[in-house]
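Structure file input.cif; described as mmCIF, C-alpha atoms.
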data_run
#
loop_
_atom_site.group_PDB
_atom_site.id
_atom_site.type_symbol
_atom_site.label_atom_id
_atom_site.label_comp_id
_atom_site.auth_asym_id
_atom_site.auth_seq_id
_atom_site.Cartn_x
_atom_site.Cartn_y
_atom_site.Cartn_z
ATOM 1 C CA MET A 1 92.807 8.910 72.794
ATOM 2 C CA GLU A 2 90.834 9.136 69.566
ATOM 3 C CA VAL A 3 88.982 6.027 68.398
ATOM 4 C CA PRO A 4 89.755 5.073 64.768
ATOM 5 C CA ILE A 5 86.767 4.487 62.485
ATOM 6 C CA LEU A 6 87.189 2.080 59.558
ATOM 7 C CA LYS A 7 84.799 1.246 56.737
ATOM 8 C CA GLN A 8 84.122 -2.391 55.993
ATOM 9 C CA GLY A 9 81.645 -2.906 53.160
ATOM 10 C CA LEU A 10 78.491 -1.001 54.112
ATOM 11 C CA HIS A 11 79.453 -0.696 57.765
ATOM 12 C CA LEU A 12 81.647 1.432 59.987
ATOM 13 C CA ILE A 13 83.776 -0.166 62.677
ATOM 14 C CA ALA A 14 84.967 1.907 65.627
ATOM 15 C CA THR A 15 87.407 -0.028 67.780
ATOM 16 C CA VAL A 16 88.065 1.331 71.244
ATOM 17 C CA GLN A 17 91.762 0.714 71.899
ATOM 18 C CA SER A 18 92.251 1.921 75.456
ATOM 19 C CA ALA A 19 90.456 3.418 78.416
ATOM 20 C CA LEU A 20 88.443 6.415 77.192
ATOM 21 C CA SER A 21 87.981 9.776 78.838
ATOM 22 C CA ASP A 22 84.576 11.454 78.706
ATOM 23 C CA ALA A 23 85.868 13.803 75.995
ATOM 24 C CA ASP A 24 87.008 10.798 73.913
ATOM 25 C CA LEU A 25 83.520 9.276 74.149
ATOM 26 C CA LEU A 26 81.846 12.503 73.055
ATOM 27 C CA GLN A 27 84.317 12.787 70.175
ATOM 28 C CA LEU A 28 83.507 9.210 69.141
ATOM 29 C CA ARG A 29 79.772 9.975 69.172
ATOM 30 C CA ASP A 30 80.170 13.060 66.986
ATOM 31 C CA ALA A 31 82.583 11.346 64.577
ATOM 32 C CA LEU A 32 80.264 8.346 64.111
ATOM 33 C CA VAL A 33 77.128 10.393 63.552
ATOM 34 C CA GLU A 34 78.976 12.483 60.961
ATOM 35 C CA SER A 35 80.717 9.491 59.286
ATOM 36 C CA VAL A 36 77.443 7.626 58.735
ATOM 37 C CA GLY A 37 76.490 10.314 56.216
ATOM 38 C CA ARG A 38 79.896 11.012 54.721
ATOM 39 C CA MET A 39 80.668 7.334 54.160
ATOM 40 C CA ARG A 40 77.066 6.336 53.425
ATOM 41 C CA ALA A 41 77.142 3.556 55.997
ATOM 42 C CA ARG A 42 74.207 1.250 56.780
ATOM 43 C CA GLY A 43 75.605 -0.098 60.004
ATOM 44 C CA VAL A 44 77.898 0.919 62.837
ATOM 45 C CA ILE A 45 79.868 -1.372 65.102
ATOM 46 C CA VAL A 46 81.392 -0.071 68.321
ATOM 47 C CA ASP A 47 83.937 -2.578 69.588
ATOM 48 C CA VAL A 48 84.400 -2.063 73.337
ATOM 49 C CA THR A 49 86.605 -5.118 73.964
ATOM 50 C CA ALA A 50 89.397 -2.882 75.319
ATOM 51 C CA LEU A 51 87.125 -0.631 77.378
ATOM 52 C CA ASP A 52 88.063 -0.942 81.059
ATOM 53 C CA VAL A 53 84.843 0.323 82.593
ATOM 54 C CA MET A 54 81.283 0.880 81.424
ATOM 55 C CA ASP A 55 79.861 3.428 83.841
ATOM 56 C CA SER A 56 76.675 5.478 83.636
ATOM 57 C CA PHE A 57 78.330 8.070 81.396
ATOM 58 C CA ALA A 58 79.688 5.537 78.885
ATOM 59 C CA THR A 59 76.312 3.776 78.875
ATOM 60 C CA ARG A 60 74.486 7.016 78.189
ATOM 61 C CA ILE A 61 76.821 7.960 75.350
ATOM 62 C CA LEU A 62 76.481 4.512 73.734
ATOM 63 C CA ARG A 63 72.714 4.832 73.953
ATOM 64 C CA ASP A 64 72.930 8.284 72.386
ATOM 65 C CA ILE A 65 75.161 6.945 69.603
ATOM 66 C CA ALA A 66 72.696 4.157 68.809
ATOM 67 C CA TYR A 67 69.758 6.560 68.731
ATOM 68 C CA MET A 68 71.521 9.281 66.740
ATOM 69 C CA VAL A 69 72.866 6.754 64.215
ATOM 70 C CA ARG A 70 69.330 5.386 63.818
ATOM 71 C CA LEU A 71 68.034 8.895 63.165
ATOM 72 C CA ARG A 72 70.646 9.042 60.405
ATOM 73 C CA GLY A 73 69.241 5.840 58.894
ATOM 74 C CA ALA A 74 71.757 3.248 60.078
ATOM 75 C CA GLU A 75 71.903 0.528 62.719
ATOM 76 C CA THR A 76 74.345 0.230 65.634
ATOM 77 C CA VAL A 77 75.629 -2.835 67.404
ATOM 78 C CA ILE A 78 77.952 -2.865 70.414
ATOM 79 C CA VAL A 79 80.408 -5.759 70.464
ATOM 80 C CA GLY A 80 82.975 -7.112 72.895
ATOM 81 C CA ILE A 81 81.505 -6.312 76.320
ATOM 82 C CA GLN A 82 83.841 -8.326 78.564
ATOM 83 C CA PRO A 83 82.485 -10.718 81.232
ATOM 84 C CA GLU A 84 83.728 -8.584 84.154
ATOM 85 C CA VAL A 85 82.317 -5.416 82.578
ATOM 86 C CA ALA A 86 78.968 -7.180 82.100
ATOM 87 C CA PHE A 87 79.130 -8.274 85.759
ATOM 88 C CA ALA A 88 79.776 -4.717 86.974
ATOM 89 C CA MET A 89 77.034 -3.271 84.759
ATOM 90 C CA ALA A 90 74.497 -5.764 86.089
ATOM 91 C CA GLN A 91 75.484 -5.013 89.713
ATOM 92 C CA PHE A 92 75.282 -1.303 89.024
ATOM 93 C CA GLY A 93 71.855 -1.600 87.447
ATOM 94 C CA LEU A 94 72.919 -0.136 84.093
ATOM 95 C CA ARG A 95 70.719 -1.033 81.163
ATOM 96 C CA LEU A 96 71.632 -0.812 77.486
ATOM 97 C CA GLU A 97 67.969 -0.364 76.552
ATOM 98 C CA GLY A 98 67.389 -0.077 72.851
ATOM 99 C CA ILE A 99 70.927 -1.120 72.001
ATOM 100 C CA THR A 100 71.825 -4.334 70.272
ATOM 101 C CA SER A 101 74.953 -6.058 71.513
ATOM 102 C CA SER A 102 76.807 -9.004 70.034
ATOM 103 C CA LEU A 103 79.585 -11.214 71.344
ATOM 104 C CA ASP A 104 82.321 -10.051 68.996
ATOM 105 C CA LEU A 105 83.097 -8.343 65.704
ATOM 106 C CA GLU A 106 82.197 -11.392 63.619
ATOM 107 C CA GLU A 107 78.775 -11.728 65.239
ATOM 108 C CA GLY A 108 78.218 -7.988 64.997
ATOM 109 C CA LEU A 109 78.950 -7.927 61.259
ATOM 110 C CA ALA A 110 76.678 -10.931 60.702
ATOM 111 C CA TYR A 111 73.886 -9.129 62.589
ATOM 112 C CA LEU A 112 74.292 -5.939 60.555
ATOM 113 C CA ASP A 113 74.431 -7.835 57.243
ATOM 114 C CA GLU A 114 71.177 -9.553 58.169
ATOM 115 C CA LYS A 115 69.568 -6.339 59.394
ATOM 116 C CA THR A 116 70.488 -4.248 56.346
ATOM 117 C CA ARG A 117 70.426 -6.820 53.543
ATOM 118 C CA ARG A 118 66.951 -6.091 52.153
ATOM 119 C CA ARG A 119 68.005 -2.681 51.019
ATOM 120 C CA PRO A 120 69.747 -2.485 47.623
ATOM 121 C CA ASN A 121 73.335 -1.256 47.437
ATOM 122 C CA PRO A 122 73.722 2.473 46.924
ATOM 123 C CA MET B 1 101.985 -10.738 103.054
ATOM 124 C CA LYS B 2 101.134 -7.897 100.690
ATOM 125 C CA ARG B 3 104.167 -8.786 98.559
ATOM 126 C CA LEU B 4 102.866 -12.323 98.101
ATOM 127 C CA ALA B 5 99.482 -11.032 97.009
ATOM 128 C CA ALA B 6 101.154 -8.775 94.460
ATOM 129 C CA ALA B 7 103.232 -11.644 93.073
ATOM 130 C CA ARG B 8 100.105 -13.732 92.501
ATOM 131 C CA THR B 9 98.686 -11.164 90.097
ATOM 132 C CA HIS B 10 101.731 -11.602 87.793
ATOM 133 C CA ASN B 11 101.820 -7.874 87.463
ATOM 134 C CA ALA B 12 105.162 -6.506 86.352
ATOM 135 C CA LYS B 13 104.392 -3.085 87.825
ATOM 136 C CA PRO B 14 105.758 -2.285 91.281
ATOM 137 C CA PRO B 15 103.261 -2.930 94.089
ATOM 138 C CA ILE B 16 101.132 -0.040 95.278
ATOM 139 C CA THR B 17 101.894 0.662 98.901
ATOM 140 C CA GLY B 18 100.293 2.940 101.428
ATOM 141 C CA GLU B 19 97.539 5.393 100.740
ATOM 142 C CA GLN B 20 97.161 6.693 97.189
ATOM 143 C CA CYS B 21 95.552 9.995 96.356
ATOM 144 C CA VAL B 22 94.447 11.259 92.949
ATOM 145 C CA ARG B 23 93.555 14.903 92.390
ATOM 146 C CA LEU B 24 90.285 15.229 90.482
ATOM 147 C CA ALA B 25 90.018 18.268 88.238
ATOM 148 C CA SER B 26 89.547 17.042 84.653
ATOM 149 C CA ASP B 27 88.091 14.032 82.855
ATOM 150 C CA MET B 28 91.570 12.519 82.395
ATOM 151 C CA ASP B 29 91.836 12.363 86.192
ATOM 152 C CA ILE B 30 88.745 10.107 86.243
ATOM 153 C CA VAL B 31 90.581 7.593 84.059
ATOM 154 C CA ALA B 32 93.717 7.852 86.226
ATOM 155 C CA ALA B 33 91.705 7.297 89.425
ATOM 156 C CA ARG B 34 89.901 4.208 88.175
ATOM 157 C CA GLN B 35 93.104 2.682 86.772
ATOM 158 C CA LEU B 36 94.861 3.188 90.095
ATOM 159 C CA ALA B 37 91.937 1.674 92.030
ATOM 160 C CA ARG B 38 91.772 -1.321 89.697
ATOM 161 C CA ALA B 39 95.505 -1.954 90.043
ATOM 162 C CA LEU B 40 95.240 -1.838 93.838
ATOM 163 C CA ALA B 41 92.131 -4.061 93.832
ATOM 164 C CA GLU B 42 93.874 -6.697 91.715
ATOM 165 C CA GLN B 43 97.017 -6.453 93.811
ATOM 166 C CA ILE B 44 95.218 -7.197 97.061
ATOM 167 C CA GLY B 45 93.385 -10.159 95.544
ATOM 168 C CA PHE B 46 90.027 -9.011 94.155
ATOM 169 C CA SER B 47 88.715 -11.046 91.221
ATOM 170 C CA ALA B 48 88.732 -9.399 87.780
ATOM 171 C CA GLY B 49 84.973 -8.911 88.099
ATOM 172 C CA ASP B 50 85.163 -7.247 91.507
ATOM 173 C CA ALA B 51 88.149 -5.127 90.409
ATOM 174 C CA THR B 52 85.965 -3.860 87.561
ATOM 175 C CA VAL B 53 83.156 -3.205 90.041
ATOM 176 C CA VAL B 54 85.557 -1.091 92.120
ATOM 177 C CA ALA B 55 86.826 0.746 89.021
ATOM 178 C CA THR B 56 83.228 1.478 87.985
ATOM 179 C CA ALA B 57 82.410 2.928 91.414
ATOM 180 C CA VAL B 58 85.552 5.088 91.272
ATOM 181 C CA SER B 59 84.567 6.343 87.839
ATOM 182 C CA GLU B 60 81.119 7.434 89.091
ATOM 183 C CA LEU B 61 82.365 9.113 92.265
ATOM 184 C CA ALA B 62 85.215 10.844 90.439
ATOM 185 C CA ARG B 63 82.921 12.131 87.720
ATOM 186 C CA ASN B 64 80.528 13.617 90.279
ATOM 187 C CA ILE B 65 83.439 15.676 91.599
ATOM 188 C CA VAL B 66 84.888 16.664 88.211
ATOM 189 C CA ASP B 67 81.457 17.712 86.919
ATOM 190 C CA TYR B 68 80.008 19.416 89.978
ATOM 191 C CA ALA B 69 82.715 20.306 92.464
ATOM 192 C CA PRO B 70 86.241 20.415 91.017
ATOM 193 C CA PRO B 71 88.868 20.154 92.211
ATOM 194 C CA GLY B 72 88.516 17.314 94.670
ATOM 195 C CA GLU B 73 90.385 14.150 95.451
ATOM 196 C CA MET B 74 90.059 10.402 95.661
ATOM 197 C CA VAL B 75 91.941 8.441 98.275
ATOM 198 C CA VAL B 76 92.393 4.709 97.694
ATOM 199 C CA ARG B 77 93.717 2.392 100.383
ATOM 200 C CA SER B 78 93.662 -1.285 101.309
ATOM 201 C CA ILE B 79 91.987 -2.177 104.617
ATOM 202 C CA GLU B 80 91.890 -5.148 106.955
ATOM 203 C CA ASN B 81 89.353 -6.251 109.523
ATOM 204 C CA GLY B 82 90.168 -9.484 111.321
ATOM 205 C CA ASN B 83 90.931 -11.896 108.503
ATOM 206 C CA ARG B 84 89.028 -9.871 105.931
ATOM 207 C CA VAL B 85 90.857 -7.773 103.362
ATOM 208 C CA GLY B 86 89.304 -5.031 101.325
ATOM 209 C CA LEU B 87 89.607 -1.599 99.875
ATOM 210 C CA VAL B 88 88.307 1.817 100.842
ATOM 211 C CA LEU B 89 87.658 4.751 98.542
ATOM 212 C CA VAL B 90 87.202 8.259 99.891
ATOM 213 C CA ALA B 91 85.955 10.864 97.404
ATOM 214 C CA ARG B 92 85.909 14.376 98.792
ATOM 215 C CA ASP B 93 85.430 17.878 97.480
ATOM 216 C CA ASN B 94 84.869 21.419 98.709
ATOM 217 C CA GLY B 95 81.992 22.017 96.308
ATOM 218 C CA PRO B 96 78.416 23.216 96.803
ATOM 219 C CA GLY B 97 77.335 20.064 98.647
ATOM 220 C CA ILE B 98 74.203 18.000 98.060
ATOM 221 C CA LYS B 99 71.032 19.652 99.345
ATOM 222 C CA ASP B 100 68.849 16.571 99.554
ATOM 223 C CA ILE B 101 70.906 13.421 100.035
ATOM 224 C CA ALA B 102 67.866 11.143 100.329
ATOM 225 C CA ARG B 103 66.745 12.325 96.911
ATOM 226 C CA ALA B 104 70.217 11.979 95.398
ATOM 227 C CA MET B 105 70.268 8.375 96.598
ATOM 228 C CA ARG B 106 67.101 7.501 94.673
ATOM 229 C CA ASP B 107 67.324 5.831 91.250
ATOM 230 C CA GLY B 108 66.449 8.119 88.414
ATOM 231 C CA PHE B 109 67.009 11.362 90.274
ATOM 232 C CA SER B 110 69.357 13.753 88.517
ATOM 233 C CA THR B 111 69.800 17.507 88.494
ATOM 234 C CA SER B 112 71.658 17.309 85.202
ATOM 235 C CA GLY B 113 69.322 15.384 82.920
ATOM 236 C CA ARG B 114 71.473 12.274 83.205
ATOM 237 C CA LEU B 115 70.494 8.729 84.047
ATOM 238 C CA GLY B 116 70.468 9.551 87.767
ATOM 239 C CA LEU B 117 71.996 6.212 88.654
ATOM 240 C CA GLY B 118 75.345 7.417 89.962
ATOM 241 C CA LEU B 119 75.112 7.328 93.762
ATOM 242 C CA PRO B 120 72.505 4.546 94.115
ATOM 243 C CA GLY B 121 74.523 2.521 91.602
ATOM 244 C CA VAL B 122 77.708 2.999 93.624
ATOM 245 C CA ARG B 123 75.859 1.856 96.754
ATOM 246 C CA ARG B 124 74.808 -1.327 94.938
ATOM 247 C CA LEU B 125 78.359 -1.947 93.719
ATOM 248 C CA MET B 126 80.078 -1.580 97.087
ATOM 249 C CA ASP B 127 79.601 -3.309 100.476
ATOM 250 C CA GLU B 128 79.599 -0.196 102.668
ATOM 251 C CA PHE B 129 78.529 3.305 101.732
ATOM 252 C CA GLU B 130 78.625 6.536 103.690
ATOM 253 C CA ILE B 131 77.969 10.063 102.504
ATOM 254 C CA VAL B 132 78.428 13.303 104.402
ATOM 255 C CA SER B 133 77.545 16.551 102.711
ATOM 256 C CA GLU B 134 77.242 20.068 103.938
ATOM 257 C CA PRO B 135 75.743 22.736 101.672
ATOM 258 C CA GLY B 136 78.402 25.287 100.760
ATOM 259 C CA LYS B 137 81.202 23.228 102.272
ATOM 260 C CA GLY B 138 81.495 20.037 100.298
ATOM 261 C CA THR B 139 80.793 16.337 100.101
ATOM 262 C CA CYS B 140 82.669 13.269 101.278
ATOM 263 C CA VAL B 141 81.685 9.803 100.107
ATOM 264 C CA THR B 142 83.384 6.805 101.752
ATOM 265 C CA VAL B 143 82.830 3.346 100.302
ATOM 266 C CA LYS B 144 84.313 -0.045 101.102
ATOM 267 C CA LYS B 145 84.460 -3.347 99.313
ATOM 268 C CA TRP B 146 85.571 -6.594 100.924
ATOM 269 C CA ILE B 147 86.973 -9.617 99.176
ATOM 270 C CA THR B 148 84.389 -12.385 99.115
ATOM 271 C CA ARG B 149 85.866 -15.809 99.603
ATOM 272 C CA ARG B 150 83.703 -18.186 97.697
ATOM 273 C CA GLY B 151 83.097 -21.735 98.883
ATOM 274 C CA ARG B 152 83.767 -21.088 102.569
#
Full structure transcribed into structure tokens:
Amino acid sequence: MEVPILKQGLHLIATVQSALSDADLLQLRDALVESVGRMRARGVIVDVTALDVMDSFATRILRDIAYMVRLRGAETVIVGIQPEVAFAMAQFGLRLEGITSSLDLEEGLAYLDEKTRRRPNP
Amino acid sequence: MKRLAAARTHNAKPPITGEQCVRLASDMDIVAARQLARALAEQIGFSAGDATVVATAVSELARNIVDYAPPGEMVVRSIENGNRVGLVLVARDNGPGIKDIARAMRDGFSTSGRLGLGLPGVRRLMDEFEIVSEPGKGTCVTVKKWITRRGR
């Protein structure tokens, strides 16, 4: 199932709405990296509230998204990691190194506004 | 007894009975396998956290098969031992097998340029872990997770 990407101010918001297959995650990565340029975004939020499982593949793709988006000149923040998903990730030993995460969409937007505010509007 | 456990989860879906088997050939099958395992885990009384742990382990084992040795299968079944209740997952394939299991069980080892956390991560997630692999014949990973009763 494709993840919709919306623009809110200077940021893109991708809200995962169901369990994702590996192909869906790769599609999300490619769409975000492309959209950052096309929509001239400064920040990207990936909302994983509805994601059922964060395994090593999902973790790797989120890390790739954050790095690729940074190479394109924008910042990424992951929001909505659920308590049980956080529990499983910690048990597994998965690390979101280099990725910023926030509690929810509101916190994520506040973080991105802070992070990108010194740059003038395009 | 199983019916009572199912009723406690307030799940409108019919209870899962007997042994369930998911064929693993494409990435959509990985999602199907982990959703089935989570439903069974919740039905037999695992906490939401432990059900997610089980679903994460299923996702890793299923992906190994889909990526390296398709098609294979995942069998999911509830188990009992005395007054303990738990769940067993059996992931098996007829693929190339794993040449060096000791190496595959080490963190950071990967033949595919990935994180290399799959099998050691699954071992950390589950209570019991067993792997049998024969080069040219296939691999069978059997893992179990028991329900922990807190405060006893």
Find the residues of chain B that sit at most 6 Å from chain A; for each, write down the nearest two atoms and how far apart they are in Å, to one decimal. Count all atoms listed in the file. Sort by chain, then by number going up, and give it as JSON lines.
{"residue": "B:Asp27", "atom": "CA", "partner": "A:Ser21", "partner_atom": "CA", "distance": 5.9}
{"residue": "B:Met28", "atom": "CA", "partner": "A:Ser21", "partner_atom": "CA", "distance": 5.7}
{"residue": "B:Gly49", "atom": "CA", "partner": "A:Glu84", "partner_atom": "CA", "distance": 4.1}
{"residue": "B:Val53", "atom": "CA", "partner": "A:Ala88", "partner_atom": "CA", "distance": 4.8}
{"residue": "B:Thr56", "atom": "CA", "partner": "A:Asp55", "partner_atom": "CA", "distance": 5.7}
{"residue": "B:Gly121", "atom": "CA", "partner": "A:Phe92", "partner_atom": "CA", "distance": 4.7}
{"residue": "B:Arg124", "atom": "CA", "partner": "A:Phe92", "partner_atom": "CA", "distance": 5.9}
{"residue": "B:Leu125", "atom": "CA", "partner": "A:Phe92", "partner_atom": "CA", "distance": 5.7}
Taking the point (70.4, -7.1, 62.2) as given in the file, collect each protein or nucleic acid residue that comes within 10 Å of it, counting only C-alpha atoms, and present the set as a ChimeraX atom specification. /A:43,75-77,100,108-117
Around (82.6, 3.1, 59.5), as given in the file, which residues come within 12 Å? Count all atoms listed in the file and list them as a ChimeraX atom specification. /A:3-15,28,31-47,69,74-76,109
Nearest to Ile101 (chain B) among B:Val132, B:Ala69, B:Val85, B:Ile16, with distances taken over all atoms listed in the file: which residue is it?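 For Ile101 (chain B), the nearest of the given residues is B:Val132.
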How would you write, as JSON, numbers by chain, the residues chosen by the PyMOL selection byres ((chain B and resi 63) around 12) on this structure? {"A": [21, 22, 55, 56, 57, 58], "B": [23, 24, 25, 26, 27, 28, 29, 30, 31, 32, 33, 34, 56, 57, 58, 59, 60, 61, 62, 64, 65, 66, 67, 68, 69, 70, 71, 72, 73, 74, 91, 92, 93, 118, 119]}
Which value, in Å to one decimal, gives the distance between CA of Gln27 (chain A) and CA of Ala66 (chain A)?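 Between these atoms lies a distance of 14.5 Å.
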Please put the answer as JSON: centre and edge lengths, in Å with one decimal, of a box along x, y and z that encloses all listed atoms of region 124-142 of chain B plus 3 Å on each side.
{"center_x": 79.1, "center_y": 11.0, "center_z": 99.1, "size_x": 14.6, "size_y": 34.6, "size_z": 16.7}
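Relative to CA of Met126 (chain B), CA of Val54 (chain B) is found at 7.4 Å.
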For Ile131 (chain B), which of B:Ala104, B:Val76, B:Ala37, B:Leu87 is the closest residue, counting all atoms listed in the file? B:Ala104
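Here CA of Ile78 (chain A) stands at a distance of 7.1 Å from CA of Val48 (chain A).
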Please write as a ChimeraX atom specification the full residue list that the PyMOL selection byres ((chain A and resi 102-105) around 6) yields on this file. /A:79-80,101,106-108
Nearest candidate to Ser133 (chain B) (options B:Gly95, B:Pro15, B:Gly86, B:Pro120; using only C-alpha atoms): B:Gly95
Can you put N, CA and C atoms back into region 120-141 of chain B and show it as a CSV table (one decimal), in the frame of the given file?
chain,number,residue,atom,x,y,z
B,120,PRO,N,73.1,5.8,93.8
B,120,PRO,CA,72.5,4.5,94.1
B,120,PRO,C,73.2,3.4,93.5
B,121,GLY,N,73.8,3.6,92.3
B,121,GLY,CA,74.5,2.5,91.6
B,121,GLY,C,75.8,2.2,92.4
B,122,VAL,N,76.5,3.2,92.9
B,122,VAL,CA,77.7,3.0,93.6
B,122,VAL,C,77.4,2.2,94.9
B,123,ARG,N,76.2,2.6,95.5
B,123,ARG,CA,75.9,1.9,96.8
B,123,ARG,C,75.6,0.4,96.5
B,124,ARG,N,75.0,0.1,95.3
B,124,ARG,CA,74.8,-1.3,94.9
B,124,ARG,C,76.1,-2.1,94.6
B,125,LEU,N,77.1,-1.3,94.1
B,125,LEU,CA,78.4,-1.9,93.7
B,125,LEU,C,79.2,-2.3,94.9
B,126,MET,N,79.1,-1.4,96.0
B,126,MET,CA,80.1,-1.6,97.1
B,126,MET,C,79.4,-2.2,98.3
B,127,ASP,N,80.2,-2.7,99.3
B,127,ASP,CA,79.6,-3.3,100.5
B,127,ASP,C,79.2,-2.3,101.5
B,128,GLU,N,79.9,-1.2,101.7
B,128,GLU,CA,79.6,-0.2,102.7
B,128,GLU,C,79.6,1.2,102.0
B,129,PHE,N,78.7,2.0,102.4
B,129,PHE,CA,78.5,3.3,101.7
B,129,PHE,C,78.2,4.4,102.8
B,130,GLU,N,78.9,5.5,102.7
B,130,GLU,CA,78.6,6.5,103.7
B,130,GLU,C,78.8,7.9,103.0
B,131,ILE,N,77.8,8.8,103.1
B,131,ILE,CA,78.0,10.1,102.5
B,131,ILE,C,77.7,11.2,103.5
B,132,VAL,N,78.6,12.1,103.5
B,132,VAL,CA,78.4,13.3,104.4
B,132,VAL,C,78.5,14.5,103.5
B,133,SER,N,77.5,15.4,103.6
B,133,SER,CA,77.5,16.6,102.7
B,133,SER,C,77.0,17.8,103.5
B,134,GLU,N,77.7,18.8,103.3
B,134,GLU,CA,77.2,20.1,103.9
B,134,GLU,C,77.1,21.2,102.9
B,135,PRO,N,75.9,21.7,102.7
B,135,PRO,CA,75.7,22.7,101.7
B,135,PRO,C,76.8,23.9,101.8
B,136,GLY,N,77.4,24.2,100.7
B,136,GLY,CA,78.4,25.3,100.8
B,136,GLY,C,79.8,24.9,101.2
B,137,LYS,N,79.9,23.7,101.8
B,137,LYS,CA,81.2,23.2,102.3
B,137,LYS,C,81.8,22.1,101.5
B,138,GLY,N,81.0,21.2,101.1
B,138,GLY,CA,81.5,20.0,100.3
B,138,GLY,C,80.9,18.7,100.6
B,139,THR,N,81.3,17.7,100.0
B,139,THR,CA,80.8,16.3,100.1
B,139,THR,C,81.9,15.3,100.3
B,140,CYS,N,81.7,14.3,101.1
B,140,CYS,CA,82.7,13.3,101.3
B,140,CYS,C,81.9,11.9,101.2
B,141,VAL,N,82.3,11.1,100.2
B,141,VAL,CA,81.7,9.8,100.1
B,141,VAL,C,82.8,8.8,100.4
